[in-house]
file start-v6.csv (CSV, C-alpha atoms)
chain,number,residue,atom,x,y,z
T,345,MET,CA,-18.2,20.9,6.3
T,346,PHE,CA,-18.4,18.5,9.2
T,347,PHE,CA,-18.8,15.5,7.0
T,348,TYR,CA,-16.0,16.6,4.8
T,349,LEU,CA,-13.7,16.8,7.8
T,350,ALA,CA,-14.9,13.5,9.1
T,351,GLN,CA,-14.2,11.9,5.7
T,352,GLN,CA,-10.7,13.2,5.6
T,353,THR,CA,-10.1,12.1,9.2
T,354,ILE,CA,-11.0,8.5,8.1
T,355,ASN,CA,-8.5,8.8,5.2
T,356,ALA,CA,-5.9,10.2,7.6
T,357,ILE,CA,-6.3,7.3,10.0
T,358,GLN,CA,-6.0,4.8,7.2
T,359,LEU,CA,-2.7,6.4,5.9
T,360,GLY,CA,-1.4,7.0,9.4
T,361,SER,CA,-1.9,3.4,10.4
T,362,ILE,CA,0.3,2.3,7.5
T,363,TYR,CA,3.0,4.8,8.3
T,364,ALA,CA,2.9,3.7,11.9
T,365,LEU,CA,3.4,0.0,11.1
T,366,ILE,CA,6.5,0.9,9.0
T,367,ALA,CA,7.8,3.3,11.6
T,368,LEU,CA,7.6,0.6,14.2
T,369,GLY,CA,10.3,-1.4,12.3
T,370,TYR,CA,12.6,1.6,12.3
T,371,SER,CA,12.1,2.2,16.0
T,372,MET,CA,12.6,-1.5,17.0
T,373,VAL,CA,15.9,-1.8,15.2
T,374,TYR,CA,17.2,1.5,16.4
T,375,GLY,CA,16.1,0.8,20.0
T,376,VAL,CA,18.2,-2.4,20.0
T,377,LEU,CA,21.2,-1.6,17.8
T,378,VAL,CA,21.1,2.2,17.6
T,379,MET,CA,21.1,1.8,13.9
T,380,ILE,CA,18.8,2.9,11.1
T,381,ASN,CA,17.8,0.0,8.8
T,382,PHE,CA,17.5,2.0,5.6
T,383,ALA,CA,16.5,-1.2,3.8
T,384,HIS,CA,13.2,-1.3,5.7
T,385,GLY,CA,11.3,0.8,3.1
T,386,ASP,CA,12.2,-1.8,0.5
T,387,LEU,CA,11.0,-4.6,2.7
T,388,PHE,CA,7.7,-2.7,2.9
T,389,MET,CA,7.7,-2.7,-0.9
T,390,LEU,CA,8.4,-6.5,-1.0
T,391,GLY,CA,5.4,-7.0,1.2
T,392,ALA,CA,3.2,-5.6,-1.5
T,393,PHE,CA,4.8,-7.8,-4.2
T,394,ALA,CA,4.6,-10.9,-2.0
T,395,CYS,CA,0.9,-10.3,-1.6
T,396,LEU,CA,0.6,-9.9,-5.3
T,397,LEU,CA,2.4,-13.1,-6.0
T,398,LEU,CA,0.4,-15.1,-3.5
T,399,ALA,CA,-2.9,-13.7,-4.9
T,400,VAL,CA,-2.0,-14.3,-8.6
T,401,LEU,CA,0.3,-17.3,-8.9
T,402,LEU,CA,-1.2,-19.8,-6.5
T,403,PRO,CA,-3.8,-22.1,-8.0
T,404,VAL,CA,-6.0,-21.8,-4.9
T,405,HIS,CA,-7.7,-18.7,-3.5
T,406,LEU,CA,-6.3,-18.2,0.0
T,407,PRO,CA,-8.2,-16.2,2.6
T,408,PHE,CA,-7.1,-12.7,3.5
T,409,VAL,CA,-5.7,-13.7,7.0
T,410,VAL,CA,-3.6,-16.6,5.5
T,411,ILE,CA,-2.1,-14.3,2.9
T,412,LEU,CA,-1.3,-11.7,5.6
T,413,LEU,CA,0.4,-14.2,7.8
T,414,LEU,CA,2.4,-15.7,4.9
T,415,VAL,CA,3.5,-12.2,3.8
T,416,MET,CA,4.6,-11.3,7.4
T,417,VAL,CA,6.5,-14.6,7.8
T,418,VAL,CA,8.3,-14.4,4.4
T,419,ILE,CA,9.3,-10.7,4.8
T,420,GLY,CA,10.2,-11.3,8.4
T,421,LEU,CA,12.6,-14.1,7.4
T,422,LEU,CA,14.1,-11.9,4.8
T,423,GLY,CA,14.7,-9.2,7.3
T,424,ALA,CA,16.3,-11.7,9.7
T,425,LEU,CA,18.5,-13.0,6.9
T,426,ILE,CA,19.7,-9.4,6.0
T,427,GLU,CA,20.6,-8.9,9.7
T,428,ARG,CA,22.5,-12.1,9.8
T,429,VAL,CA,24.4,-11.7,6.5
T,430,ALA,CA,24.9,-7.9,6.2
T,431,TYR,CA,24.5,-6.2,9.6
T,432,ARG,CA,25.9,-8.7,12.2
T,433,PRO,CA,29.5,-8.7,10.8
T,434,LEU,CA,29.5,-4.9,11.1
T,435,ARG,CA,28.0,-4.6,14.5
T,436,ASP,CA,31.3,-3.4,16.0
T,437,ALA,CA,32.4,-1.5,12.9
T,438,PRO,CA,32.2,2.3,12.6
T,439,ARG,CA,28.6,3.5,12.4
T,440,VAL,CA,29.0,4.9,8.9
T,441,SER,CA,29.8,1.3,7.6
T,442,ALA,CA,26.5,0.0,8.9
T,443,ILE,CA,24.7,2.9,7.3
T,444,ILE,CA,26.3,2.4,3.9
T,445,THR,CA,25.5,-1.4,4.1
T,446,ALA,CA,21.9,-0.7,5.0
T,447,LEU,CA,21.6,1.7,2.0
T,448,GLY,CA,23.3,-0.9,-0.2
T,449,CYS,CA,20.9,-3.7,0.9
T,450,GLY,CA,18.0,-1.4,0.0
T,451,LEU,CA,19.4,-0.7,-3.4
T,452,VAL,CA,20.0,-4.4,-4.1
T,453,ILE,CA,16.4,-5.2,-3.2
T,454,GLU,CA,15.0,-2.3,-5.1
T,455,ASN,CA,16.9,-2.9,-8.3
T,456,THR,CA,16.4,-6.7,-8.2
T,457,THR,CA,12.7,-6.1,-8.0
T,458,LEU,CA,12.9,-3.5,-10.7
T,459,SER,CA,14.7,-5.9,-13.0
T,460,LEU,CA,11.9,-8.5,-12.5
T,461,SER,CA,9.0,-6.1,-12.6
T,462,PRO,CA,10.0,-2.8,-14.4
T,463,TYR,CA,6.4,-1.5,-14.7
T,464,PRO,CA,3.8,-0.7,-12.1
T,465,GLN,CA,1.6,-3.6,-11.2
T,466,PHE,CA,-2.0,-3.6,-10.0
T,467,MET,CA,-3.0,-5.4,-6.9
T,468,PRO,CA,-6.0,-7.7,-7.3
T,469,LYS,CA,-8.9,-7.5,-4.9
T,470,LEU,CA,-8.7,-10.2,-2.2
T,471,PHE,CA,-12.4,-9.8,-1.3
T,472,ASP,CA,-15.4,-7.7,-2.4
T,473,SER,CA,-15.5,-4.4,-0.5
T,474,THR,CA,-18.8,-2.7,0.2
T,475,THR,CA,-19.4,1.0,0.9
T,476,LEU,CA,-21.2,2.2,3.9
T,477,THR,CA,-22.8,5.6,3.6
T,478,TYR,CA,-24.2,8.0,6.2
T,479,ALA,CA,-25.3,11.4,4.7
T,480,SER,CA,-22.2,12.5,2.7
T,481,LEU,CA,-19.8,10.4,4.8
T,482,THR,CA,-18.6,7.1,3.2
T,483,ILE,CA,-16.4,4.4,4.5
T,484,THR,CA,-15.6,1.0,2.8
T,485,THR,CA,-15.2,-2.3,4.5
T,486,LEU,CA,-11.7,-2.3,3.1
T,487,GLN,CA,-10.8,0.8,5.0
T,488,ILE,CA,-12.3,-0.7,8.2
T,489,LEU,CA,-10.3,-3.9,7.6
T,490,ILE,CA,-7.0,-2.0,7.0
T,491,ILE,CA,-7.4,0.2,10.1
T,492,GLY,CA,-8.5,-2.7,12.2
T,493,VAL,CA,-5.6,-5.0,11.2
T,494,ALA,CA,-3.1,-2.2,11.6
T,495,LEU,CA,-4.4,-1.3,15.1
T,496,GLY,CA,-4.5,-5.0,16.0
T,497,LEU,CA,-0.9,-5.5,15.1
T,498,MET,CA,0.1,-2.4,17.0
T,499,VAL,CA,-1.6,-3.5,20.1
T,500,GLY,CA,-0.2,-7.0,19.7
T,501,LEU,CA,3.4,-5.5,19.4
T,502,ASP,CA,2.9,-3.3,22.5
T,503,PHE,CA,1.8,-6.4,24.5
T,504,LEU,CA,4.8,-8.4,23.1
T,505,ILE,CA,7.3,-5.7,24.1
T,506,ARG,CA,5.8,-5.0,27.6
T,507,LYS,CA,4.4,-8.3,28.8
T,508,THR,CA,6.6,-11.1,27.4
T,509,GLY,CA,10.0,-12.5,28.0
T,510,PHE,CA,11.1,-11.5,24.4
T,511,GLY,CA,10.1,-7.9,25.1
T,512,MET,CA,11.9,-7.8,28.4
T,513,ALA,CA,15.0,-9.3,26.7
T,514,MET,CA,14.8,-6.7,23.9
T,515,ARG,CA,14.5,-3.8,26.3
T,516,ALA,CA,17.4,-5.2,28.3
T,517,ILE,CA,19.6,-5.3,25.2
T,518,SER,CA,18.5,-1.8,24.3
T,519,PHE,CA,19.6,-0.7,27.8
T,520,ASP,CA,23.0,-2.4,28.0
T,521,SER,CA,23.9,-4.9,25.3
T,522,ARG,CA,27.3,-5.7,26.8
T,523,THR,CA,25.9,-6.9,30.2
T,524,VAL,CA,22.9,-8.9,29.2
T,525,PRO,CA,24.9,-11.9,27.9
T,526,LEU,CA,26.1,-12.4,31.5
T,527,MET,CA,22.4,-12.9,32.4
T,528,GLY,CA,21.9,-15.7,29.9
T,529,ILE,CA,20.1,-13.7,27.2
T,530,PRO,CA,21.1,-14.8,23.7
T,531,VAL,CA,21.8,-11.4,22.2
T,532,ASN,CA,22.2,-12.6,18.6
T,533,ARG,CA,18.9,-14.5,18.6
T,534,MET,CA,17.0,-11.6,20.2
T,535,ILE,CA,18.4,-9.2,17.6
T,536,SER,CA,17.4,-11.6,14.8
T,537,LEU,CA,13.9,-11.9,16.3
T,538,THR,CA,13.7,-8.1,16.5
T,539,PHE,CA,14.5,-7.8,12.8
T,540,PHE,CA,12.0,-10.6,12.0
T,541,VAL,CA,9.2,-8.8,13.9
T,542,GLY,CA,10.0,-5.4,12.5
T,543,ALA,CA,10.3,-6.6,8.9
T,544,GLY,CA,7.1,-8.6,9.3
T,545,LEU,CA,5.2,-5.5,10.3
T,546,GLY,CA,6.7,-3.7,7.3
T,547,GLY,CA,5.6,-6.5,5.0
T,548,ALA,CA,2.1,-6.3,6.5
T,549,ALA,CA,2.1,-2.5,5.9
T,550,GLY,CA,3.1,-3.1,2.3
T,551,MET,CA,0.2,-5.5,1.8
T,552,LEU,CA,-2.3,-3.1,3.3
T,553,TYR,CA,-0.9,-0.2,1.3
T,554,GLY,CA,-1.2,-2.2,-1.9
T,555,LEU,CA,-4.9,-3.0,-1.1
T,556,ALA,CA,-5.6,0.6,-0.2
T,557,TYR,CA,-3.7,2.1,-3.2
T,558,PRO,CA,-3.8,-0.7,-5.7
T,559,GLN,CA,-0.9,0.4,-8.0
T,560,ILE,CA,2.4,-0.8,-6.7
T,561,SER,CA,6.0,-0.5,-8.1
T,562,ALA,CA,9.5,-1.5,-7.2
T,563,THR,CA,10.4,2.1,-6.3
T,564,MET,CA,7.5,2.9,-4.0
T,565,GLY,CA,9.4,1.8,-0.9
T,566,VAL,CA,11.8,4.8,-1.2
T,567,LEU,CA,9.5,7.7,-0.6
T,568,ILE,CA,7.1,5.8,1.7
T,569,GLY,CA,10.1,4.5,3.7
T,570,TRP,CA,11.5,7.9,4.2
T,571,LYS,CA,8.2,9.3,5.3
T,572,ALA,CA,7.8,6.4,7.8
T,573,PHE,CA,11.3,7.2,9.1
T,574,ILE,CA,10.2,10.8,9.5
T,575,ALA,CA,7.2,9.5,11.5
T,576,ALA,CA,9.5,7.5,13.7
T,577,VAL,CA,11.7,10.6,14.4
T,578,ILE,CA,8.7,12.8,15.1
T,579,GLY,CA,7.4,10.3,17.7
T,580,GLY,CA,10.8,9.6,19.1
T,581,ILE,CA,13.1,7.1,17.4
T,582,GLY,CA,13.4,4.0,19.5
T,583,SER,CA,10.0,4.5,21.1
T,584,ILE,CA,7.3,2.0,20.1
T,585,ARG,CA,4.4,4.2,21.1
T,586,GLY,CA,6.2,7.2,19.7
T,587,ALA,CA,6.4,5.5,16.3
T,588,VAL,CA,2.6,5.0,16.4
T,589,LEU,CA,2.0,8.6,17.4
T,590,GLY,CA,4.3,9.9,14.7
T,591,GLY,CA,2.7,7.8,12.0
T,592,PHE,CA,-0.8,9.1,12.8
T,593,ILE,CA,0.5,12.7,13.0
T,594,LEU,CA,2.2,12.5,9.7
T,595,GLY,CA,-0.7,10.7,8.0
T,596,GLY,CA,-3.1,13.4,9.4
T,597,VAL,CA,-0.9,16.3,8.2
T,598,GLU,CA,-0.5,14.9,4.7
T,599,VAL,CA,-4.2,14.2,4.2
T,600,MET,CA,-5.4,17.4,5.7
T,601,SER,CA,-2.9,19.5,3.8
T,602,VAL,CA,-4.0,18.0,0.5
T,603,ALA,CA,-7.7,18.4,1.5
T,604,TYR,CA,-7.4,22.1,2.2
T,605,LEU,CA,-4.3,23.2,0.3
T,606,PRO,CA,-2.8,22.5,-3.1
T,607,SER,CA,-1.2,19.0,-3.1
T,608,THR,CA,2.2,20.5,-3.9
T,609,TYR,CA,2.4,21.8,-0.3
T,610,ARG,CA,2.1,18.3,1.2
T,611,ASP,CA,5.8,17.4,1.5
T,612,LEU,CA,6.7,20.9,2.4
T,613,ILE,CA,4.4,20.9,5.3
T,614,SER,CA,5.4,17.4,6.4
T,615,TYR,CA,9.2,18.2,6.5
T,616,SER,CA,8.6,21.6,8.1
T,617,LEU,CA,6.7,19.8,10.8
T,618,LEU,CA,9.6,17.5,11.4
T,619,LEU,CA,12.0,20.5,11.6
T,620,ALA,CA,9.7,22.4,14.0
T,621,ILE,CA,9.3,19.4,16.3
T,622,LEU,CA,13.0,18.6,16.4
T,623,ILE,CA,13.8,22.2,17.3
T,624,PHE,CA,11.7,22.1,20.4
T,625,LYS,CA,11.9,18.4,21.1
T,626,PRO,CA,15.2,17.1,19.8
T,627,TYR,CA,14.5,13.5,20.8
T,628,GLY,CA,10.9,13.5,19.4
T,629,LEU,CA,7.6,13.8,21.1
T,630,LEU,CA,8.0,10.6,23.3
T,631,GLY,CA,11.7,10.0,22.9
T,632,GLN,CA,14.1,10.2,25.9
T,633,PRO,CA,17.7,11.4,26.0
T,634,PRO,CA,20.2,8.6,26.6
T,635,ASN,CA,21.4,8.1,30.1
T,636,GLN,CA,25.1,8.7,30.4
T,637,LYS,CA,27.2,7.7,33.4
T,638,VAL,CA,29.4,10.4,34.7

call {"tool": "encode", "arguments": {"input": "start-v6.csv", "output": "structure tokens"}}
result
Amino acid sequence: MFFYLAQQTINAIQLGSIYALIALGYSMVYGVLVMINFAHGDLFMLGAFACLLLAVLLPVHLPFVVILLLVMVVIGLLGALIERVAYRPLRDAPRVSAIITALGCGLVIENTTLSLSPYPQFMPKLFDSTTLTYASLTITTLQILIIGVALGLMVGLDFLIRKTGFGMAMRAISFDSRTVPLMGIPVNRMISLTFFVGAGLGGAAGMLYGLAYPQISATMGVLIGWKAFIAAVIGGIGSIRGAVLGGFILGGVEVMSVAYLPSTYRDLISYSLLLAILIFKPYGLLGQPPNQKV
């Protein structure tokens, strides 16, 4: 019983780390623009397909780290491009216009990918994974790599937000976007960089998800994206550490519910958890109510 619980805990950490990476993108954009980037789930999907293309089409075999960095840069640039073309012109428009535009961008990305790849694809192995066994507990080197890379990216982002000039500028824009231009902060550039970093993390999550669950499709970003959004709301939308906490909570709930209950209860339990948390903590576990001047 103990080893079974430990095995499911490892699976929960793996899934939760992927949810957390995607949720970070939602929280970063919301923290700066107070807007939900509903195209983020489809950027996650493109990360998996970008990894597939780099692994299959290139004549040379690239190392894992190089592919990861290329995927993050490509998806990050696409996220910044979407912000520049679709979101920036609507920054002062009614909030519903930005929401509809975000949904439209997601549908364009999804259906474009679907027209190019209508059938599910299988992700090739980037390296040979070995299995480590202790009693009845097993863990693969692929799982260790996925968890390690995800945690490394989370720690790196936390350092970037809290200890660098970019992070200070991003937090200043989140606090008062109308005043920070008077202090010499280039608001448009910082917002584009925020989209770049958030989309890059989503692309990395797509690549890791494709390695962990090798079948990928053009529609996989819809459900995974919504679940990561739930994770961000559970932790407190706009909170970096809250997004990480919410990702691991949701991953743990999903894995444990499937391990001990019929799989049909998984989504019911996940959404019920969201409702229960929002009833008692309307701003999420680590979220803070906005300060209002009287």

call {"tool": "residues_around", "arguments": {"input": "start-v6.csv", "residues": "range 380-390 of chain T", "least_positions_apart": "4", "cutoff": "9 Å", "atoms": "all atoms listed in the file", "output": "PDB file with C-alpha atoms, in the frame of the given file"}}
result
ATOM      1  CA  ILE T 366       6.500   0.900   9.000  1.00  0.00           C
ATOM      2  CA  GLY T 369      10.300  -1.400  12.300  1.00  0.00           C
ATOM      3  CA  TYR T 370      12.600   1.600  12.300  1.00  0.00           C
ATOM      4  CA  SER T 371      12.100   2.200  16.000  1.00  0.00           C
ATOM      5  CA  VAL T 373      15.900  -1.800  15.200  1.00  0.00           C
ATOM      6  CA  TYR T 374      17.200   1.500  16.400  1.00  0.00           C
ATOM      7  CA  ALA T 394       4.600 -10.900  -2.000  1.00  0.00           C
ATOM      8  CA  CYS T 395       0.900 -10.300  -1.600  1.00  0.00           C
ATOM      9  CA  VAL T 415       3.500 -12.200   3.800  1.00  0.00           C
ATOM     10  CA  ILE T 419       9.300 -10.700   4.800  1.00  0.00           C
ATOM     11  CA  GLY T 420      10.200 -11.300   8.400  1.00  0.00           C
ATOM     12  CA  LEU T 422      14.100 -11.900   4.800  1.00  0.00           C
ATOM     13  CA  GLY T 423      14.700  -9.200   7.300  1.00  0.00           C
ATOM     14  CA  ALA T 442      26.500   0.000   8.900  1.00  0.00           C
ATOM     15  CA  ILE T 443      24.700   2.900   7.300  1.00  0.00           C
ATOM     16  CA  ILE T 444      26.300   2.400   3.900  1.00  0.00           C
ATOM     17  CA  THR T 445      25.500  -1.400   4.100  1.00  0.00           C
ATOM     18  CA  ALA T 446      21.900  -0.700   5.000  1.00  0.00           C
ATOM     19  CA  LEU T 447      21.600   1.700   2.000  1.00  0.00           C
ATOM     20  CA  GLY T 448      23.300  -0.900  -0.200  1.00  0.00           C
ATOM     21  CA  CYS T 449      20.900  -3.700   0.900  1.00  0.00           C
ATOM     22  CA  GLY T 450      18.000  -1.400   0.000  1.00  0.00           C
ATOM     23  CA  LEU T 451      19.400  -0.700  -3.400  1.00  0.00           C
ATOM     24  CA  ILE T 453      16.400  -5.200  -3.200  1.00  0.00           C
ATOM     25  CA  GLU T 454      15.000  -2.300  -5.100  1.00  0.00           C
ATOM     26  CA  THR T 457      12.700  -6.100  -8.000  1.00  0.00           C
ATOM     27  CA  GLY T 542      10.000  -5.400  12.500  1.00  0.00           C
ATOM     28  CA  ALA T 543      10.300  -6.600   8.900  1.00  0.00           C
ATOM     29  CA  GLY T 544       7.100  -8.600   9.300  1.00  0.00           C
ATOM     30  CA  LEU T 545       5.200  -5.500  10.300  1.00  0.00           C
ATOM     31  CA  GLY T 546       6.700  -3.700   7.300  1.00  0.00           C
ATOM     32  CA  GLY T 547       5.600  -6.500   5.000  1.00  0.00           C
ATOM     33  CA  ALA T 548       2.100  -6.300   6.500  1.00  0.00           C
ATOM     34  CA  ALA T 549       2.100  -2.500   5.900  1.00  0.00           C
ATOM     35  CA  GLY T 550       3.100  -3.100   2.300  1.00  0.00           C
ATOM     36  CA  MET T 551       0.200  -5.500   1.800  1.00  0.00           C
ATOM     37  CA  GLY T 554      -1.200  -2.200  -1.900  1.00  0.00           C
ATOM     38  CA  ILE T 560       2.400  -0.800  -6.700  1.00  0.00           C
ATOM     39  CA  SER T 561       6.000  -0.500  -8.100  1.00  0.00           C
ATOM     40  CA  ALA T 562       9.500  -1.500  -7.200  1.00  0.00           C
ATOM     41  CA  THR T 563      10.400   2.100  -6.300  1.00  0.00           C
ATOM     42  CA  MET T 564       7.500   2.900  -4.000  1.00  0.00           C
ATOM     43  CA  GLY T 565       9.400   1.800  -0.900  1.00  0.00           C
ATOM     44  CA  VAL T 566      11.800   4.800  -1.200  1.00  0.00           C
ATOM     45  CA  LEU T 567       9.500   7.700  -0.600  1.00  0.00           C
ATOM     46  CA  ILE T 568       7.100   5.800   1.700  1.00  0.00           C
ATOM     47  CA  GLY T 569      10.100   4.500   3.700  1.00  0.00           C
ATOM     48  CA  TRP T 570      11.500   7.900   4.200  1.00  0.00           C
ATOM     49  CA  ALA T 572       7.800   6.400   7.800  1.00  0.00           C
ATOM     50  CA  PHE T 573      11.300   7.200   9.100  1.00  0.00           C
TER      51      PHE T 573
END

call {"tool": "atom_distance", "arguments": {"input": "start-v6.csv", "atom1": "CA of Gly595 in chain T", "atom2": "CA of Thr353 in chain T"}}
result
9.6 Å

call {"tool": "closest_residue", "arguments": {"input": "start-v6.csv", "among": "T:Leu497, T:Leu552, T:Leu458, T:Leu470", "to": "Val400 in chain T", "atoms": "only C-alpha atoms"}}
result
T:Leu470

call {"tool": "residues_around", "arguments": {"input": "start-v6.csv", "residues": "range 508-512 of chain T", "least_positions_apart": "4", "cutoff": "10 Å", "atoms": "only C-alpha atoms", "output": "CSV table (one decimal) with C-alpha atoms, in the coordinates of the input"}}
result
chain,number,residue,atom,x,y,z
T,501,LEU,CA,3.4,-5.5,19.4
T,502,ASP,CA,2.9,-3.3,22.5
T,503,PHE,CA,1.8,-6.4,24.5
T,504,LEU,CA,4.8,-8.4,23.1
T,516,ALA,CA,17.4,-5.2,28.3
T,517,ILE,CA,19.6,-5.3,25.2
T,518,SER,CA,18.5,-1.8,24.3
T,529,ILE,CA,20.1,-13.7,27.2
T,534,MET,CA,17.0,-11.6,20.2
T,537,LEU,CA,13.9,-11.9,16.3
T,538,THR,CA,13.7,-8.1,16.5

call {"tool": "atom_distance", "arguments": {"input": "start-v6.csv", "atom1": "CA of Ala513 in chain T", "atom2": "CA of Ala437 in chain T"}}
result
23.5 Å

call {"tool": "closest_residue", "arguments": {"input": "start-v6.csv", "among": "T:Ser607, T:Ser583, T:Gln632, T:Ser473", "to": "Ala367 in chain T", "atoms": "all atoms listed in the file"}}
result
T:Ser583

call {"tool": "closest_residue", "arguments": {"input": "start-v6.csv", "among": "T:Glu598, T:Met345, T:Ile362, T:Leu425", "to": "Arg533 in chain T", "atoms": "only C-alpha atoms"}}
result
T:Leu425

call {"tool": "closest_residue", "arguments": {"input": "start-v6.csv", "among": "T:Leu402, T:Leu349, T:Ile584, T:Leu359", "to": "Leu630 in chain T", "atoms": "all atoms listed in the file"}}
result
T:Ile584

call {"tool": "atom_distance", "arguments": {"input": "start-v6.csv", "atom1": "CA of Ile357 in chain T", "atom2": "CA of Lys507 in chain T"}}
result
26.7 Å

call {"tool": "closest_residue", "arguments": {"input": "start-v6.csv", "among": "T:Met498, T:Ala392, T:Ile593, T:Ile426", "to": "Pro558 in chain T", "atoms": "all atoms listed in the file"}}
result
T:Ala392

call {"tool": "closest_residue", "arguments": {"input": "start-v6.csv", "among": "T:Tyr553, T:Tyr363, T:Phe471, T:Tyr478", "to": "Ile578 in chain T", "atoms": "all atoms listed in the file"}}
result
T:Tyr363

call {"tool": "residues_around", "arguments": {"input": "start-v6.csv", "residues": "Leu476 in chain T", "least_positions_apart": "4", "cutoff": "12 Å", "atoms": "all atoms listed in the file", "output": "ChimeraX atom specification"}}
result
/T:480-488

call {"tool": "residues_around", "arguments": {"input": "start-v6.csv", "residues": "Gly579 in chain T", "least_positions_apart": "3", "cutoff": "9 Å", "atoms": "only C-alpha atoms", "output": "NGL selection string"}}
result
:T and (574-576 or 582-591 or 593 or 627-631)
